[in-house]
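Have a look at entry-v4.pdb below; it lists PDB, N, CA and C atoms and all ligand atoms.
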ATOM      1  N   MET R   1      22.804 -28.914  -9.501
ATOM      2  CA  MET R   1      21.659 -28.079  -9.147
ATOM      3  C   MET R   1      21.201 -28.411  -7.730
ATOM      4  N   ALA R   2      20.898 -27.396  -6.959
ATOM      5  CA  ALA R   2      20.427 -27.622  -5.594
ATOM      6  C   ALA R   2      19.040 -28.234  -5.612
ATOM      7  N   VAL R   3      18.869 -29.248  -4.813
ATOM      8  CA  VAL R   3      17.590 -29.954  -4.756
ATOM      9  C   VAL R   3      17.103 -29.947  -3.310
ATOM     10  N   PRO R   4      15.840 -29.623  -3.047
ATOM     11  CA  PRO R   4      15.329 -29.643  -1.678
ATOM     12  C   PRO R   4      15.447 -31.042  -1.078
ATOM     13  N   GLN R   5      15.783 -31.101   0.202
ATOM     14  CA  GLN R   5      15.974 -32.412   0.830
ATOM     15  C   GLN R   5      14.677 -33.162   1.015
ATOM     16  N   ARG R   6      13.587 -32.424   1.219
ATOM     17  CA  ARG R   6      12.298 -33.100   1.327
ATOM     18  C   ARG R   6      11.191 -32.247   0.726
ATOM     19  N   LYS R   7      10.136 -32.940   0.390
ATOM     20  CA  LYS R   7       8.987 -32.283  -0.220
ATOM     21  C   LYS R   7       8.311 -31.347   0.793
ATOM     22  N   THR R   8       7.938 -30.140   0.342
ATOM     23  CA  THR R   8       7.175 -29.228   1.196
ATOM     24  C   THR R   8       5.748 -29.745   1.293
ATOM     25  N   ASN R   9       5.301 -30.035   2.514
ATOM     26  CA  ASN R   9       3.954 -30.573   2.636
ATOM     27  C   ASN R   9       2.888 -29.496   2.494
ATOM     28  N   LYS R  10       1.648 -29.930   2.296
ATOM     29  CA  LYS R  10       0.564 -28.996   1.988
ATOM     30  C   LYS R  10       0.366 -27.965   3.097
ATOM     31  N   ALA R  11       0.449 -28.435   4.366
ATOM     32  CA  ALA R  11       0.209 -27.522   5.481
ATOM     33  C   ALA R  11       1.283 -26.433   5.520
ATOM     34  N   ARG R  12       2.524 -26.832   5.296
ATOM     35  CA  ARG R  12       3.617 -25.862   5.328
ATOM     36  C   ARG R  12       3.472 -24.851   4.192
ATOM     37  N   LYS R  13       3.138 -25.352   3.023
ATOM     38  CA  LYS R  13       2.938 -24.468   1.868
ATOM     39  C   LYS R  13       1.801 -23.482   2.141
ATOM     40  N   ARG R  14       0.696 -23.988   2.690
ATOM     41  CA  ARG R  14      -0.462 -23.111   2.925
ATOM     42  C   ARG R  14      -0.181 -22.090   4.021
ATOM     43  N   LYS R  15       0.579 -22.493   5.039
ATOM     44  CA  LYS R  15       0.935 -21.536   6.089
ATOM     45  C   LYS R  15       1.817 -20.432   5.531
ATOM     46  N   ARG R  16       2.739 -20.789   4.668
ATOM     47  CA  ARG R  16       3.613 -19.777   4.053
ATOM     48  C   ARG R  16       2.777 -18.820   3.212
ATOM     49  N   ARG R  17       1.821 -19.361   2.473
ATOM     50  CA  ARG R  17       1.034 -18.532   1.564
ATOM     51  C   ARG R  17      -0.092 -17.776   2.262
ATOM     52  N   ALA R  18      -0.273 -18.010   3.541
ATOM     53  CA  ALA R  18      -1.305 -17.287   4.286
ATOM     54  C   ALA R  18      -1.027 -15.787   4.308
ATOM     55  N   HIS R  19       0.221 -15.401   4.121
ATOM     56  CA  HIS R  19       0.601 -13.983   4.165
ATOM     57  C   HIS R  19       0.762 -13.389   2.776
ATOM     58  N   ASP R  20       0.405 -14.132   1.733
ATOM     59  CA  ASP R  20       0.689 -13.687   0.371
ATOM     60  C   ASP R  20      -0.443 -12.909  -0.276
ATOM     61  N   ALA R  21      -1.545 -12.711   0.412
ATOM     62  CA  ALA R  21      -2.676 -12.029  -0.205
ATOM     63  C   ALA R  21      -2.308 -10.595  -0.553
ATOM     64  N   ILE R  22      -2.752 -10.137  -1.721
ATOM     65  CA  ILE R  22      -2.510  -8.760  -2.136
ATOM     66  C   ILE R  22      -3.616  -7.896  -1.559
ATOM     67  N   ARG R  23      -3.229  -6.898  -0.797
ATOM     68  CA  ARG R  23      -4.209  -6.013  -0.190
ATOM     69  C   ARG R  23      -4.422  -4.800  -1.093
ATOM     70  N   PRO R  24      -5.622  -4.245  -1.093
ATOM     71  CA  PRO R  24      -5.857  -3.060  -1.919
ATOM     72  C   PRO R  24      -5.043  -1.876  -1.407
ATOM     73  N   VAL R  25      -4.665  -0.999  -2.320
ATOM     74  CA  VAL R  25      -3.901   0.187  -1.949
ATOM     75  C   VAL R  25      -4.795   1.089  -1.106
ATOM     76  N   SER R  26      -4.313   1.458   0.068
ATOM     77  CA  SER R  26      -5.128   2.293   0.944
ATOM     78  C   SER R  26      -5.080   3.749   0.466
ATOM     79  N   HIS R  27      -6.113   4.499   0.792
ATOM     80  CA  HIS R  27      -6.160   5.892   0.381
ATOM     81  C   HIS R  27      -6.953   6.680   1.412
ATOM     82  N   THR R  28      -6.758   7.977   1.402
ATOM     83  CA  THR R  28      -7.522   8.875   2.254
ATOM     84  C   THR R  28      -8.076   9.998   1.380
ATOM     85  N   HIS R  29      -8.911  10.825   1.995
ATOM     86  CA  HIS R  29      -9.441  11.975   1.278
ATOM     87  C   HIS R  29      -8.730  13.222   1.781
ATOM     88  N   CYS R  30      -8.399  14.093   0.853
ATOM     89  CA  CYS R  30      -7.758  15.360   1.209
ATOM     90  C   CYS R  30      -8.723  16.196   2.050
ATOM     91  N   SER R  31      -8.191  16.805   3.120
ATOM     92  CA  SER R  31      -9.063  17.589   3.994
ATOM     93  C   SER R  31      -9.477  18.907   3.350
ATOM     94  N   ARG R  32      -8.750  19.331   2.321
ATOM     95  CA  ARG R  32      -9.059  20.621   1.695
ATOM     96  C   ARG R  32      -9.937  20.456   0.456
ATOM     97  N   CYS R  33      -9.529  19.563  -0.454
ATOM     98  CA  CYS R  33     -10.277  19.458  -1.710
ATOM     99  C   CYS R  33     -11.028  18.130  -1.818
ATOM    100  N   ASN R  34     -10.864  17.264  -0.830
ATOM    101  CA  ASN R  34     -11.615  16.009  -0.731
ATOM    102  C   ASN R  34     -11.308  15.016  -1.854
ATOM    103  N   SER R  35     -10.207  15.197  -2.560
ATOM    104  CA  SER R  35      -9.857  14.210  -3.588
ATOM    105  C   SER R  35      -9.099  13.057  -2.944
ATOM    106  N   LEU R  36      -9.004  11.946  -3.651
ATOM    107  CA  LEU R  36      -8.311  10.781  -3.122
ATOM    108  C   LEU R  36      -6.806  11.029  -3.085
ATOM    109  N   THR R  37      -6.180  10.718  -1.955
ATOM    110  CA  THR R  37      -4.723  10.840  -1.840
ATOM    111  C   THR R  37      -4.188   9.613  -1.124
ATOM    112  N   LEU R  38      -2.906   9.389  -1.288
ATOM    113  CA  LEU R  38      -2.260   8.339  -0.512
ATOM    114  C   LEU R  38      -2.064   8.845   0.913
ATOM    115  N   PRO R  39      -2.188   7.971   1.915
ATOM    116  CA  PRO R  39      -1.981   8.427   3.286
ATOM    117  C   PRO R  39      -0.548   8.910   3.505
ATOM    118  N   HIS R  40      -0.388   9.914   4.359
ATOM    119  CA  HIS R  40       0.920  10.467   4.723
ATOM    120  C   HIS R  40       1.644  11.056   3.520
ATOM    121  N   SER R  41       0.885  11.633   2.586
ATOM    122  CA  SER R  41       1.550  12.238   1.440
ATOM    123  C   SER R  41       0.799  13.497   1.014
ATOM    124  N   ILE R  42       1.511  14.352   0.310
ATOM    125  CA  ILE R  42       0.938  15.613  -0.147
ATOM    126  C   ILE R  42      -0.138  15.338  -1.191
ATOM    127  N   CYS R  43      -1.209  16.106  -1.118
ATOM    128  CA  CYS R  43      -2.297  15.953  -2.084
ATOM    129  C   CYS R  43      -1.813  16.359  -3.479
ATOM    130  N   ASP R  44      -2.055  15.502  -4.476
ATOM    131  CA  ASP R  44      -1.638  15.818  -5.845
ATOM    132  C   ASP R  44      -2.485  16.931  -6.444
ATOM    133  N   ASN R  45      -3.705  17.056  -5.949
ATOM    134  CA  ASN R  45      -4.639  17.998  -6.572
ATOM    135  C   ASN R  45      -4.391  19.433  -6.116
ATOM    136  N   CYS R  46      -4.207  19.631  -4.794
ATOM    137  CA  CYS R  46      -4.079  21.003  -4.299
ATOM    138  C   CYS R  46      -2.749  21.258  -3.605
ATOM    139  N   GLY R  47      -1.906  20.257  -3.437
ATOM    140  CA  GLY R  47      -0.564  20.477  -2.900
ATOM    141  C   GLY R  47      -0.509  20.749  -1.413
ATOM    142  N   THR R  48      -1.501  20.305  -0.649
ATOM    143  CA  THR R  48      -1.465  20.536   0.793
ATOM    144  C   THR R  48      -1.253  19.218   1.534
ATOM    145  N   TYR R  49      -0.726  19.338   2.730
ATOM    146  CA  TYR R  49      -0.616  18.203   3.625
ATOM    147  C   TYR R  49      -0.824  18.698   5.046
ATOM    148  N   ARG R  50      -1.777  18.124   5.741
ATOM    149  CA  ARG R  50      -2.143  18.507   7.113
ATOM    150  C   ARG R  50      -2.397  20.007   7.231
ATOM    151  N   GLY R  51      -3.133  20.527   6.270
ATOM    152  CA  GLY R  51      -3.564  21.915   6.340
ATOM    153  C   GLY R  51      -2.547  22.931   5.878
ATOM    154  N   ARG R  52      -1.348  22.492   5.489
ATOM    155  CA  ARG R  52      -0.330  23.440   5.034
ATOM    156  C   ARG R  52      -0.112  23.267   3.541
ATOM    157  N   THR R  53      -0.013  24.387   2.841
ATOM    158  CA  THR R  53       0.264  24.322   1.400
ATOM    159  C   THR R  53       1.764  24.165   1.214
ATOM    160  N   LEU R  54       2.153  23.050   0.628
ATOM    161  CA  LEU R  54       3.570  22.742   0.494
ATOM    162  C   LEU R  54       4.019  22.746  -0.960
ATOM    163  N   LEU R  55       3.083  22.630  -1.883
ATOM    164  CA  LEU R  55       3.436  22.626  -3.293
ATOM    165  C   LEU R  55       2.572  23.660  -4.003
ATOM    166  N   ALA R  56       3.174  24.388  -4.943
ATOM    167  CA  ALA R  56       2.386  25.300  -5.746
ATOM    168  C   ALA R  56       1.786  24.510  -6.907
ATOM    169  N   VAL R  57       0.459  24.386  -6.909
ATOM    170  CA  VAL R  57      -0.237  23.647  -7.961
ATOM    171  C   VAL R  57      -1.101  24.608  -8.729
ATOM    172  N   GLU R  58      -0.936  24.635 -10.055
ATOM    173  CA  GLU R  58      -1.737  25.540 -10.892
ATOM    174  C   GLU R  58      -3.144  24.959 -11.078
ATOM    175  N   ASP R  59      -4.072  25.837 -11.326
ATOM    176  CA  ASP R  59      -5.463  25.464 -11.619
ATOM    177  C   ASP R  59      -6.080  24.641 -10.491
ATOM    178  N   PHE R  60      -6.023  25.189  -9.302
ATOM    179  CA  PHE R  60      -6.674  24.504  -8.190
ATOM    180  C   PHE R  60      -8.182  24.567  -8.320
TER
HETATM  181 ZN    ZN R 101      -6.224  18.394  -1.896
END
Just give me the structure as structure tokens.
Amino acid sequence: MAVPQRKTNKARKRKRRAHDAIRPVSHTHCSRCNSLTLPHSICDNCGTYRGRTLLAVEDF
């Protein structure tokens, strides 16, 4: 079994884990229906992206 040659010290471990924080999922509001959408993606509610209707969505 592979064994590390030396113990990882606290500073090294903490520096590595400095980038491990989980960030909240970012979101934007649709410019047409104002519902929450993921950035750079078509709105699930009304099917538009940047003012253009790209998906036919029933019951808008
Ligand atoms: Zn929308």
Between atom CA of Thr37 of chain R and atom CA of Gly51 of chain R, what is the distance, to one decimal in Å? 13.8 Å
Would you translate the PyMOL selection byres (((not hetatm)) within 7 of (chain R and resi 101)) into the concrete set of residues it matches in this file, as a PyMOL selection string? chain R and resi 29-35+42-48
Name the residues of chain R that fall into alpha helix (DSSP H) according to DSSP on the backbone, using the chain letters and numbers of this document, as an MDAnalysis selection string. chainID R and resid 10:17
How far is it from atom CA of Lys13 of chain R to atom CA of Met1 of chain R, in Å with one decimal? 22.0 Å
If DSSP is run on the backbone, what residues of chain R are strand (DSSP E)? A reply as a list in words would be ideal. Thr28, His29, Leu36, Thr37, Thr48, Tyr49, Arg52 and Thr53 of chain R
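The interatomic distance for the pair atom C of Arg14 of chain R and atom CA of Ala2 of chain R works out to 23.4 Å.
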Surrounding residues of Ser26 of chain R excluding itself and chain neighbours under 6 positions, 10 Å, only C-alpha atoms, as a compact mmCIF listing (two decimals) with N, CA and C atoms, in the coordinates of the input:
# COMPACT_ATOMS: atom_id res chain seq x y z
N LEU R 36 -9.00 11.95 -3.65
CA LEU R 36 -8.31 10.78 -3.12
C LEU R 36 -6.81 11.03 -3.08
N THR R 37 -6.18 10.72 -1.96
CA THR R 37 -4.72 10.84 -1.84
C THR R 37 -4.19 9.61 -1.12
N LEU R 38 -2.91 9.39 -1.29
CA LEU R 38 -2.26 8.34 -0.51
C LEU R 38 -2.06 8.85 0.91
N PRO R 39 -2.19 7.97 1.92
CA PRO R 39 -1.98 8.43 3.29
C PRO R 39 -0.55 8.91 3.50
